[in-house]
file data.pdb (PDB, C-alpha atoms, pLDDT in the B column)
ATOM      1  CA  MET A  24     -81.260 -37.234  95.206  1.00 49.00           C
ATOM      2  CA  LYS A  25     -81.782 -33.850  93.491  1.00 53.00           C
ATOM      3  CA  ARG A  26     -83.634 -35.576  90.637  1.00 51.00           C
ATOM      4  CA  LEU A  27     -86.087 -37.154  93.038  1.00 44.00           C
ATOM      5  CA  PHE A  28     -86.458 -33.828  94.811  1.00 47.00           C
ATOM      6  CA  PHE A  29     -87.524 -32.012  91.629  1.00 48.00           C
ATOM      7  CA  VAL A  30     -89.983 -34.766  90.705  1.00 45.00           C
ATOM      8  CA  VAL A  31     -91.491 -34.468  94.178  1.00 43.00           C
ATOM      9  CA  LEU A  32     -91.542 -30.665  93.787  1.00 51.00           C
ATOM     10  CA  ILE A  33     -93.484 -30.791  90.551  1.00 48.00           C
ATOM     11  CA  LEU A  34     -95.988 -33.281  91.950  1.00 42.00           C
ATOM     12  CA  SER A  35     -96.399 -31.497  95.268  1.00 46.00           C
ATOM     13  CA  THR A  36     -96.793 -28.064  93.708  1.00 47.00           C
ATOM     14  CA  SER A  37     -99.457 -29.452  91.392  1.00 45.00           C
ATOM     15  CA  ILE A  38    -101.319 -30.996  94.310  1.00 41.00           C
ATOM     16  CA  MET A  39    -100.915 -27.873  96.447  1.00 45.00           C
ATOM     17  CA  ALA A  40    -102.178 -25.680  93.636  1.00 44.00           C
ATOM     18  CA  MET A  41    -105.474 -27.563  93.578  1.00 49.00           C
ATOM     19  CA  GLY A  42    -106.244 -26.531  97.129  1.00 52.00           C
ATOM     20  CA  GLN A  43    -104.680 -23.092  97.115  1.00 65.00           C
ATOM     21  CA  ASP A  44    -105.614 -19.768  95.631  1.00 88.00           C
ATOM     22  CA  VAL A  45    -103.547 -18.443  92.784  1.00 95.00           C
ATOM     23  CA  ASN A  46    -102.379 -14.829  92.900  1.00 96.00           C
ATOM     24  CA  SER A  47    -103.021 -14.284  96.617  1.00 96.00           C
ATOM     25  CA  GLN A  48    -102.258 -10.735  97.657  1.00 95.00           C
ATOM     26  CA  VAL A  49    -100.902  -9.398 100.937  1.00 95.00           C
ATOM     27  CA  VAL A  50     -99.829  -5.932 101.978  1.00 95.00           C
ATOM     28  CA  ASP A  51     -96.098  -5.202 101.898  1.00 94.00           C
ATOM     29  CA  GLU A  52     -95.483  -3.751 105.359  1.00 91.00           C
ATOM     30  CA  LYS A  53     -92.543  -1.688 104.078  1.00 94.00           C
ATOM     31  CA  THR A  54     -94.443   0.141 101.301  1.00 93.00           C
ATOM     32  CA  GLY A  55     -98.119  -0.455 102.008  1.00 94.00           C
ATOM     33  CA  HIS A  56     -98.554  -1.782  98.454  1.00 94.00           C
ATOM     34  CA  LEU A  57    -100.033  -5.153  97.568  1.00 95.00           C
ATOM     35  CA  MET A  58     -97.730  -8.011  96.616  1.00 97.00           C
ATOM     36  CA  LEU A  59     -98.405 -11.500  95.286  1.00 97.00           C
ATOM     37  CA  ILE A  60     -97.623 -14.455  97.550  1.00 97.00           C
ATOM     38  CA  GLY A  61     -97.652 -18.176  96.749  1.00 96.00           C
ATOM     39  CA  GLU A  62     -98.515 -19.504  93.322  1.00 96.00           C
ATOM     40  CA  VAL A  63     -98.560 -16.707  90.746  1.00 96.00           C
ATOM     41  CA  ASN A  64     -99.480 -16.667  87.079  1.00 96.00           C
ATOM     42  CA  ARG A  65     -99.068 -14.144  84.280  1.00 96.00           C
ATOM     43  CA  GLN A  66    -102.571 -12.769  84.718  1.00 96.00           C
ATOM     44  CA  GLY A  67    -101.886 -12.004  88.371  1.00 97.00           C
ATOM     45  CA  MET A  68     -98.743 -10.075  87.475  1.00 97.00           C
ATOM     46  CA  GLU A  69    -100.532  -8.227  84.673  1.00 97.00           C
ATOM     47  CA  ASN A  70    -103.194  -7.143  87.165  1.00 96.00           C
ATOM     48  CA  MET A  71    -100.621  -5.587  89.547  1.00 95.00           C
ATOM     49  CA  GLY A  72    -100.286  -2.404  87.473  1.00 94.00           C
ATOM     50  CA  THR A  73     -98.479  -1.554  84.265  1.00 97.00           C
ATOM     51  CA  TRP A  74     -95.000  -2.781  85.197  1.00 97.00           C
ATOM     52  CA  PHE A  75     -95.502  -6.186  83.571  1.00 98.00           C
ATOM     53  CA  SER A  76     -96.810  -4.892  80.234  1.00 98.00           C
ATOM     54  CA  ASP A  77     -94.343  -1.975  80.177  1.00 98.00           C
ATOM     55  CA  GLU A  78     -91.316  -4.265  80.623  1.00 98.00           C
ATOM     56  CA  TYR A  79     -92.730  -6.933  78.298  1.00 98.00           C
ATOM     57  CA  GLU A  80     -93.245  -4.431  75.470  1.00 98.00           C
ATOM     58  CA  ALA A  81     -89.931  -2.636  75.998  1.00 98.00           C
ATOM     59  CA  TYR A  82     -87.762  -5.765  75.879  1.00 98.00           C
ATOM     60  CA  GLN A  83     -86.258  -6.550  72.486  1.00 97.00           C
ATOM     61  CA  PRO A  84     -84.428  -9.910  72.586  1.00 97.00           C
ATOM     62  CA  GLN A  85     -81.515 -10.394  70.218  1.00 96.00           C
ATOM     63  CA  ALA A  86     -82.932 -11.937  67.051  1.00 95.00           C
ATOM     64  CA  ASP A  87     -79.839 -14.033  66.260  1.00 96.00           C
ATOM     65  CA  VAL A  88     -79.822 -15.620  69.715  1.00 96.00           C
ATOM     66  CA  MET A  89     -83.566 -16.265  69.556  1.00 95.00           C
ATOM     67  CA  ALA A  90     -83.141 -17.909  66.143  1.00 93.00           C
ATOM     68  CA  GLU A  91     -80.451 -20.162  67.616  1.00 93.00           C
ATOM     69  CA  ILE A  92     -82.739 -21.133  70.510  1.00 92.00           C
ATOM     70  CA  LYS A  93     -85.569 -21.917  68.088  1.00 89.00           C
ATOM     71  CA  SER A  94     -83.235 -23.953  65.867  1.00 89.00           C
ATOM     72  CA  LEU A  95     -82.381 -26.263  68.753  1.00 85.00           C
ATOM     73  CA  ASN A  96     -85.853 -27.703  68.579  1.00 70.00           C
ATOM     74  CA  ALA A  97     -85.023 -28.752  72.111  1.00 69.00           C
ATOM     75  CA  ASP A  98     -86.946 -30.705  74.672  1.00 76.00           C
ATOM     76  CA  PHE A  99     -87.526 -27.592  76.708  1.00 81.00           C
ATOM     77  CA  PRO A 100     -87.133 -27.878  80.462  1.00 90.00           C
ATOM     78  CA  HIS A 101     -89.598 -27.039  83.197  1.00 94.00           C
ATOM     79  CA  VAL A 102     -88.979 -23.655  84.767  1.00 96.00           C
ATOM     80  CA  PHE A 103     -89.521 -22.832  88.429  1.00 97.00           C
ATOM     81  CA  ILE A 104     -89.438 -19.089  89.101  1.00 98.00           C
ATOM     82  CA  VAL A 105     -89.211 -17.526  92.537  1.00 98.00           C
ATOM     83  CA  MET A 106     -89.920 -13.804  92.369  1.00 98.00           C
ATOM     84  CA  GLY A 107     -91.112 -10.852  94.395  1.00 97.00           C
ATOM     85  CA  THR A 108     -93.602  -8.409  92.939  1.00 97.00           C
ATOM     86  CA  TRP A 109     -91.995  -5.841  95.270  1.00 97.00           C
ATOM     87  CA  CYS A 110     -88.532  -6.443  93.722  1.00 97.00           C
ATOM     88  CA  SER A 111     -87.308  -4.255  90.850  1.00 97.00           C
ATOM     89  CA  ASP A 112     -85.225  -7.088  89.341  1.00 98.00           C
ATOM     90  CA  SER A 113     -88.257  -9.401  89.349  1.00 98.00           C
ATOM     91  CA  ARG A 114     -90.438  -6.695  87.851  1.00 98.00           C
ATOM     92  CA  GLU A 115     -87.910  -6.347  85.041  1.00 98.00           C
ATOM     93  CA  GLN A 116     -86.667  -9.898  84.383  1.00 98.00           C
ATOM     94  CA  VAL A 117     -89.904 -11.903  84.724  1.00 98.00           C
ATOM     95  CA  PRO A 118     -91.767  -9.984  81.975  1.00 98.00           C
ATOM     96  CA  HIS A 119     -88.632 -10.247  79.803  1.00 98.00           C
ATOM     97  CA  PHE A 120     -88.624 -14.007  80.407  1.00 97.00           C
ATOM     98  CA  TYR A 121     -92.270 -14.288  79.338  1.00 97.00           C
ATOM     99  CA  LYS A 122     -91.503 -12.363  76.160  1.00 97.00           C
ATOM    100  CA  LEU A 123     -88.748 -14.884  75.343  1.00 95.00           C
ATOM    101  CA  MET A 124     -91.079 -17.790  76.093  1.00 94.00           C
ATOM    102  CA  ASP A 125     -93.797 -16.348  73.860  1.00 95.00           C
ATOM    103  CA  ALA A 126     -91.279 -15.909  71.031  1.00 93.00           C
ATOM    104  CA  ILE A 127     -90.388 -19.615  71.105  1.00 90.00           C
ATOM    105  CA  ASP A 128     -93.955 -20.862  71.741  1.00 88.00           C
ATOM    106  CA  TYR A 129     -92.983 -22.224  75.133  1.00 89.00           C
ATOM    107  CA  PRO A 130     -96.008 -23.726  76.918  1.00 87.00           C
ATOM    108  CA  ASP A 131     -97.141 -21.851  80.043  1.00 87.00           C
ATOM    109  CA  SER A 132     -97.844 -25.248  81.596  1.00 88.00           C
ATOM    110  CA  GLN A 133     -94.082 -25.804  81.954  1.00 92.00           C
ATOM    111  CA  VAL A 134     -93.584 -22.615  84.002  1.00 96.00           C
ATOM    112  CA  PHE A 135     -94.408 -22.509  87.717  1.00 96.00           C
ATOM    113  CA  VAL A 136     -94.062 -19.179  89.517  1.00 97.00           C
ATOM    114  CA  VAL A 137     -93.994 -18.533  93.248  1.00 97.00           C
ATOM    115  CA  GLY A 138     -94.231 -15.029  94.681  1.00 97.00           C
ATOM    116  CA  VAL A 139     -92.364 -14.363  97.916  1.00 97.00           C
ATOM    117  CA  ASN A 140     -92.299 -11.618 100.513  1.00 95.00           C
ATOM    118  CA  ARG A 141     -89.171  -9.677 101.474  1.00 95.00           C
ATOM    119  CA  GLU A 142     -88.043 -12.548 103.747  1.00 93.00           C
ATOM    120  CA  LYS A 143     -88.251 -14.952 100.750  1.00 93.00           C
ATOM    121  CA  LYS A 144     -91.248 -16.751 102.255  1.00 93.00           C
ATOM    122  CA  ALA A 145     -94.301 -17.813 100.271  1.00 92.00           C
ATOM    123  CA  ASP A 146     -97.167 -18.868 102.518  1.00 80.00           C
ATOM    124  CA  ASN A 147     -97.399 -22.673 102.408  1.00 78.00           C
ATOM    125  CA  PHE A 148     -94.480 -23.206 100.021  1.00 79.00           C
ATOM    126  CA  CYS A 149     -91.247 -24.420 101.592  1.00 84.00           C
ATOM    127  CA  LEU A 150     -88.418 -22.894  99.571  1.00 88.00           C
ATOM    128  CA  GLY A 151     -85.551 -23.773 101.915  1.00 84.00           C
ATOM    129  CA  ASP A 152     -84.259 -26.628  99.755  1.00 85.00           C
ATOM    130  CA  PHE A 153     -83.941 -24.401  96.685  1.00 92.00           C
ATOM    131  CA  ASP A 154     -81.166 -22.173  98.042  1.00 92.00           C
ATOM    132  CA  ILE A 155     -83.068 -18.974  97.205  1.00 94.00           C
ATOM    133  CA  HIS A 156     -81.200 -15.871  98.348  1.00 93.00           C
ATOM    134  CA  LEU A 157     -82.005 -13.404  95.585  1.00 96.00           C
ATOM    135  CA  VAL A 158     -85.031 -12.876  93.390  1.00 98.00           C
ATOM    136  CA  PRO A 159     -85.886 -13.526  90.758  1.00 98.00           C
ATOM    137  CA  THR A 160     -84.406 -16.996  90.579  1.00 98.00           C
ATOM    138  CA  PHE A 161     -85.184 -19.053  87.472  1.00 98.00           C
ATOM    139  CA  ILE A 162     -84.508 -22.781  87.994  1.00 97.00           C
ATOM    140  CA  PHE A 163     -84.532 -24.938  84.856  1.00 95.00           C
ATOM    141  CA  THR A 164     -85.123 -28.678  85.250  1.00 94.00           C
ATOM    142  CA  ARG A 165     -85.206 -31.551  82.812  1.00 91.00           C
ATOM    143  CA  ASP A 166     -86.229 -35.071  83.819  1.00 90.00           C
ATOM    144  CA  GLY A 167     -86.369 -33.932  87.433  1.00 89.00           C
ATOM    145  CA  LYS A 168     -82.770 -32.614  87.500  1.00 93.00           C
ATOM    146  CA  GLU A 169     -81.663 -29.017  87.683  1.00 95.00           C
ATOM    147  CA  ILE A 170     -79.814 -28.098  84.482  1.00 94.00           C
ATOM    148  CA  GLY A 171     -79.223 -24.447  85.252  1.00 96.00           C
ATOM    149  CA  ARG A 172     -80.418 -21.305  86.909  1.00 97.00           C
ATOM    150  CA  ILE A 173     -80.444 -17.575  86.423  1.00 98.00           C
ATOM    151  CA  VAL A 174     -80.285 -15.606  89.653  1.00 98.00           C
ATOM    152  CA  GLU A 175     -81.377 -11.974  89.975  1.00 97.00           C
ATOM    153  CA  SER A 176     -79.987 -10.723  86.648  1.00 96.00           C
ATOM    154  CA  PRO A 177     -78.610 -12.585  83.636  1.00 97.00           C
ATOM    155  CA  SER A 178     -74.852 -12.956  83.181  1.00 96.00           C
ATOM    156  CA  ILE A 179     -75.005 -11.788  79.557  1.00 96.00           C
ATOM    157  CA  THR A 180     -78.614 -11.349  78.459  1.00 96.00           C
ATOM    158  CA  LEU A 181     -81.624 -13.427  79.384  1.00 96.00           C
ATOM    159  CA  GLU A 182     -81.708 -15.045  75.945  1.00 97.00           C
ATOM    160  CA  HIS A 183     -77.930 -15.777  75.974  1.00 96.00           C
ATOM    161  CA  ASP A 184     -78.172 -17.323  79.433  1.00 97.00           C
ATOM    162  CA  LEU A 185     -81.168 -19.411  78.339  1.00 94.00           C
ATOM    163  CA  LEU A 186     -79.295 -20.592  75.252  1.00 95.00           C
ATOM    164  CA  ASN A 187     -76.278 -21.554  77.362  1.00 95.00           C
ATOM    165  CA  ILE A 188     -78.498 -23.524  79.751  1.00 94.00           C
ATOM    166  CA  LEU A 189     -80.168 -25.355  76.855  1.00 91.00           C
ATOM    167  CA  LEU A 190     -76.819 -26.182  75.227  1.00 91.00           C
ATOM    168  CA  GLY A 191     -75.235 -27.345  78.491  1.00 86.00           C
ATOM    169  CA  PRO A 192     -72.165 -26.313  80.480  1.00 71.00           C
ATOM    170  CA  ALA A 193     -69.614 -27.047  77.749  1.00 55.00           C
ATOM    171  CA  SER A 194     -71.146 -24.472  75.421  1.00 53.00           C
ATOM    172  CA  ILE A 195     -70.792 -21.113  77.168  1.00 51.00           C
ATOM    173  CA  HIS A 196     -70.987 -18.436  74.461  1.00 49.00           C
TER
END
call {"tool": "encode", "arguments": {"input": "data.pdb", "output": "structure tokens"}}
result
Amino acid sequence: MKRLFFVVLILSTSIMAMGQDVNSQVVDEKTGHLMLIGEVNRQGMENMGTWFSDEYEAYQPQADVMAEIKSLNADFPHVFIVMGTWCSDSREQVPHFYKLMDAIDYPDSQVFVVGVNREKKADNFCLGDFDIHLVPTFIFTRDGKEIGRIVESPSITLEHDLLNILLGPASIH
């Protein structure tokens, strides 16, 4: 059932994206600042101020872990990210994630990002079936099945958690 759900998600988000604006902005009623809602891409985050580039540049992933990820030569999963541009954890972890992805030549086409408001709502996207309580949430899927997730902050480091997801549950480092 979950496998079918993720296949439907990927197809429906692709179809929805054709008729929907990317990087839509609304005002955060709590702060008065703009936030991104709905489908978001890297360019939209980069245009929200310097937080994306500052965190991206500052993050230095562990070289030995990155080498191990690269050596897997894995069939990399699709990644569904739910984040809030108002959230400090999202503003830290999402740029770090992109730095990891760039280091392993991960295709942007396999990453789909949805920006949410403080109530974890994202315009026309229904996120109820994803069990999203904290942001950011990174959901990794392969062949339509969830193979792992990172919620809010990594357990070890982002690259260690990614490696553990790619290796599977029996391989926790």
call {"tool": "atom_distance", "arguments": {"input": "data.pdb", "atom1": "atom CA of Ile127 of chain A", "atom2": "atom CA of Leu189 of chain A"}}
result
13.1 Å
call {"tool": "atom_distance", "arguments": {"input": "data.pdb", "atom1": "atom CA of Asp77 of chain A", "atom2": "atom CA of Pro118 of chain A"}}
result
8.6 Å
call {"tool": "closest_residue", "arguments": {"input": "data.pdb", "among": "A:Glu115, A:Glu62, A:Glu182, A:Asp98", "to": "Ala81 of chain A", "atoms": "all atoms listed in the file"}}
result
A:Glu115
call {"tool": "residues_around", "arguments": {"input": "data.pdb", "residues": "Glu80 of chain A", "least_positions_apart": "5", "cutoff": "12 Å", "atoms": "all atoms listed in the file", "output": "NGL selection string"}}
result
:A and (73-75 or 115 or 118-123)
call {"tool": "resolve_selection", "arguments": {"input": "data.pdb", "expression": "the PyMOL selection byres ((chain A and resi 65) around 10)", "output": "PyMOL selection string"}}
result
chain A and resi 46+63-64+66-70+75+117-118+121+131+136
call {"tool": "atom_distance", "arguments": {"input": "data.pdb", "atom1": "atom CA of Phe153 of chain A", "atom2": "atom CA of His101 of chain A"}}
result
14.9 Å
call {"tool": "closest_residue", "arguments": {"input": "data.pdb", "among": "A:Pro192, A:Leu185, A:Asn147, A:Met106", "to": "Thr160 of chain A", "atoms": "only C-alpha atoms"}}
result
A:Met106
call {"tool": "residues_around", "arguments": {"input": "data.pdb", "residues": "Gly107 of chain A", "least_positions_apart": "2", "cutoff": "6 Å", "atoms": "all atoms listed in the file", "output": "PyMOL selection string"}}
result
chain A and resi 109-110+113+138-139
call {"tool": "residues_near_point", "arguments": {"input": "data.pdb", "point": "(-94.3, -23.9, 83.8)", "cutoff": "9 Å", "atoms": "all atoms listed in the file", "output": "VMD selection string"}}
result
chain A and resid 100 to 104 129 to 136
call {"tool": "residues_around", "arguments": {"input": "data.pdb", "residues": "Met58 of chain A", "least_positions_apart": "3", "cutoff": "7 Å", "atoms": "all atoms listed in the file", "output": "list of chain:residue names"}}
result
A:Gln48, A:Val49, A:Val50, A:Asp51, A:Thr108, A:Trp109
call {"tool": "residues_near_point", "arguments": {"input": "data.pdb", "point": "(-89.3, -18.9, 69.5)", "cutoff": "8 Å", "atoms": "only C-alpha atoms", "output": "JSON, numbers by chain"}}
result
{"A": [89, 90, 92, 93, 123, 124, 125, 126, 127, 128, 129]}
call {"tool": "closest_residue", "arguments": {"input": "data.pdb", "among": "A:Gly72, A:Pro177, A:Gly171, A:Gly61", "to": "Val45 of chain A", "atoms": "all atoms listed in the file"}}
result
A:Gly61
call {"tool": "residues_around", "arguments": {"input": "data.pdb", "residues": "Ser176 of chain A", "least_positions_apart": "6", "cutoff": "10 Å", "atoms": "only C-alpha atoms", "output": "PyMOL selection string"}}
result
chain A and resi 112-113+115-116+157-161+184
call {"tool": "residues_around", "arguments": {"input": "data.pdb", "residues": "Asn187 of chain A", "least_positions_apart": "3", "cutoff": "12 Å", "atoms": "all atoms listed in the file", "output": "PDB file with C-alpha atoms, in the frame of the given file"}}
result
ATOM      1  CA  VAL A  88     -79.822 -15.620  69.715  1.00 96.00           C
ATOM      2  CA  MET A  89     -83.566 -16.265  69.556  1.00 95.00           C
ATOM      3  CA  GLU A  91     -80.451 -20.162  67.616  1.00 93.00           C
ATOM      4  CA  ILE A  92     -82.739 -21.133  70.510  1.00 92.00           C
ATOM      5  CA  LEU A  95     -82.381 -26.263  68.753  1.00 85.00           C
ATOM      6  CA  PHE A 163     -84.532 -24.938  84.856  1.00 95.00           C
ATOM      7  CA  ILE A 170     -79.814 -28.098  84.482  1.00 94.00           C
ATOM      8  CA  GLY A 171     -79.223 -24.447  85.252  1.00 96.00           C
ATOM      9  CA  ARG A 172     -80.418 -21.305  86.909  1.00 97.00           C
ATOM     10  CA  ILE A 173     -80.444 -17.575  86.423  1.00 98.00           C
ATOM     11  CA  PRO A 177     -78.610 -12.585  83.636  1.00 97.00           C
ATOM     12  CA  SER A 178     -74.852 -12.956  83.181  1.00 96.00           C
ATOM     13  CA  ILE A 179     -75.005 -11.788  79.557  1.00 96.00           C
ATOM     14  CA  THR A 180     -78.614 -11.349  78.459  1.00 96.00           C
ATOM     15  CA  LEU A 181     -81.624 -13.427  79.384  1.00 96.00           C
ATOM     16  CA  GLU A 182     -81.708 -15.045  75.945  1.00 97.00           C
ATOM     17  CA  HIS A 183     -77.930 -15.777  75.974  1.00 96.00           C
ATOM     18  CA  ASP A 184     -78.172 -17.323  79.433  1.00 97.00           C
ATOM     19  CA  LEU A 190     -76.819 -26.182  75.227  1.00 91.00           C
ATOM     20  CA  GLY A 191     -75.235 -27.345  78.491  1.00 86.00           C
ATOM     21  CA  PRO A 192     -72.165 -26.313  80.480  1.00 71.00           C
ATOM     22  CA  ALA A 193     -69.614 -27.047  77.749  1.00 55.00           C
ATOM     23  CA  SER A 194     -71.146 -24.472  75.421  1.00 53.00           C
ATOM     24  CA  ILE A 195     -70.792 -21.113  77.168  1.00 51.00           C
ATOM     25  CA  HIS A 196     -70.987 -18.436  74.461  1.00 49.00           C
TER      26      HIS A 196
END
call {"tool": "decode", "arguments": {"input": "data.pdb", "residues": "segment 81-146 of chain A", "atoms": "C-alpha atoms", "output": "mmCIF file, in the first residue's frame"}}
result
data_model
loop_
_atom_site.group_PDB
_atom_site.id
_atom_site.type_symbol
_atom_site.label_atom_id
_atom_site.label_comp_id
_atom_site.auth_asym_id
_atom_site.auth_seq_id
_atom_site.Cartn_x
_atom_site.Cartn_y
_atom_site.Cartn_z
ATOM 1 C CA ALA A 81 29.770 26.772 6.178
ATOM 2 C CA TYR A 82 28.929 23.058 6.132
ATOM 3 C CA GLN A 83 31.915 20.737 5.838
ATOM 4 C CA PRO A 84 30.752 17.110 5.469
ATOM 5 C CA GLN A 85 33.048 14.389 6.755
ATOM 6 C CA ALA A 86 35.248 13.353 3.837
ATOM 7 C CA ASP A 87 35.506 9.686 4.869
ATOM 8 C CA VAL A 88 31.729 9.302 5.077
ATOM 9 C CA MET A 89 31.256 11.088 1.754
ATOM 10 C CA ALA A 90 33.830 8.783 0.145
ATOM 11 C CA GLU A 91 31.902 5.782 1.470
ATOM 12 C CA ILE A 92 28.639 7.150 0.042
ATOM 13 C CA LYS A 93 30.292 7.732 -3.337
ATOM 14 C CA SER A 94 31.815 4.237 -3.304
ATOM 15 C CA LEU A 95 28.377 2.661 -3.010
ATOM 16 C CA ASN A 96 27.648 3.678 -6.558
ATOM 17 C CA ALA A 97 24.083 3.216 -5.399
ATOM 18 C CA ASP A 98 20.797 3.542 -7.179
ATOM 19 C CA PHE A 99 20.026 6.719 -5.313
ATOM 20 C CA PRO A 100 16.498 7.152 -4.011
ATOM 21 C CA HIS A 101 14.041 9.950 -4.641
ATOM 22 C CA VAL A 102 13.922 12.481 -1.834
ATOM 23 C CA PHE A 103 10.799 14.301 -0.687
ATOM 24 C CA ILE A 104 11.587 17.219 1.621
ATOM 25 C CA VAL A 105 9.027 19.067 3.703
ATOM 26 C CA MET A 106 10.502 22.259 5.124
ATOM 27 C CA GLY A 107 9.618 25.691 6.421
ATOM 28 C CA THR A 108 11.622 28.715 5.360
ATOM 29 C CA TRP A 109 10.596 30.205 8.728
ATOM 30 C CA CYS A 110 12.148 27.251 10.630
ATOM 31 C CA SER A 111 15.737 27.459 11.896
ATOM 32 C CA ASP A 112 16.280 23.690 11.518
ATOM 33 C CA SER A 113 15.101 23.824 7.893
ATOM 34 C CA ARG A 114 17.273 26.846 7.205
ATOM 35 C CA GLU A 115 20.249 24.883 8.507
ATOM 36 C CA GLN A 116 19.654 21.294 7.343
ATOM 37 C CA VAL A 117 18.262 21.865 3.828
ATOM 38 C CA PRO A 118 21.326 23.803 2.575
ATOM 39 C CA HIS A 119 23.547 21.158 4.215
ATOM 40 C CA PHE A 120 21.585 18.473 2.359
ATOM 41 C CA TYR A 121 22.097 20.257 -0.969
ATOM 42 C CA LYS A 122 25.824 20.476 -0.295
ATOM 43 C CA LEU A 123 25.913 16.691 0.233
ATOM 44 C CA MET A 124 23.899 16.125 -2.939
ATOM 45 C CA ASP A 125 26.222 18.353 -4.962
ATOM 46 C CA ALA A 126 29.249 16.460 -3.623
ATOM 47 C CA ILE A 127 27.885 13.146 -4.922
ATOM 48 C CA ASP A 128 26.472 14.560 -8.191
ATOM 49 C CA TYR A 129 22.933 13.741 -7.134
ATOM 50 C CA PRO A 130 20.420 14.901 -9.767
ATOM 51 C CA ASP A 131 18.126 17.748 -8.673
ATOM 52 C CA SER A 132 15.352 15.999 -10.595
ATOM 53 C CA GLN A 133 15.195 13.347 -7.851
ATOM 54 C CA VAL A 134 14.550 15.919 -5.098
ATOM 55 C CA PHE A 135 11.082 17.387 -4.545
ATOM 56 C CA VAL A 136 10.703 20.101 -1.911
ATOM 57 C CA VAL A 137 7.511 21.428 -0.362
ATOM 58 C CA GLY A 138 7.476 24.545 1.799
ATOM 59 C CA VAL A 139 4.932 24.661 4.612
ATOM 60 C CA ASN A 140 3.571 27.297 6.952
ATOM 61 C CA ARG A 141 3.727 27.054 10.746
ATOM 62 C CA GLU A 142 0.672 24.742 10.760
ATOM 63 C CA LYS A 143 2.516 22.354 8.371
ATOM 64 C CA LYS A 144 0.152 23.208 5.512
ATOM 65 C CA ALA A 145 1.275 23.823 1.942
ATOM 66 C CA ASP A 146 -1.481 25.330 -0.181
#
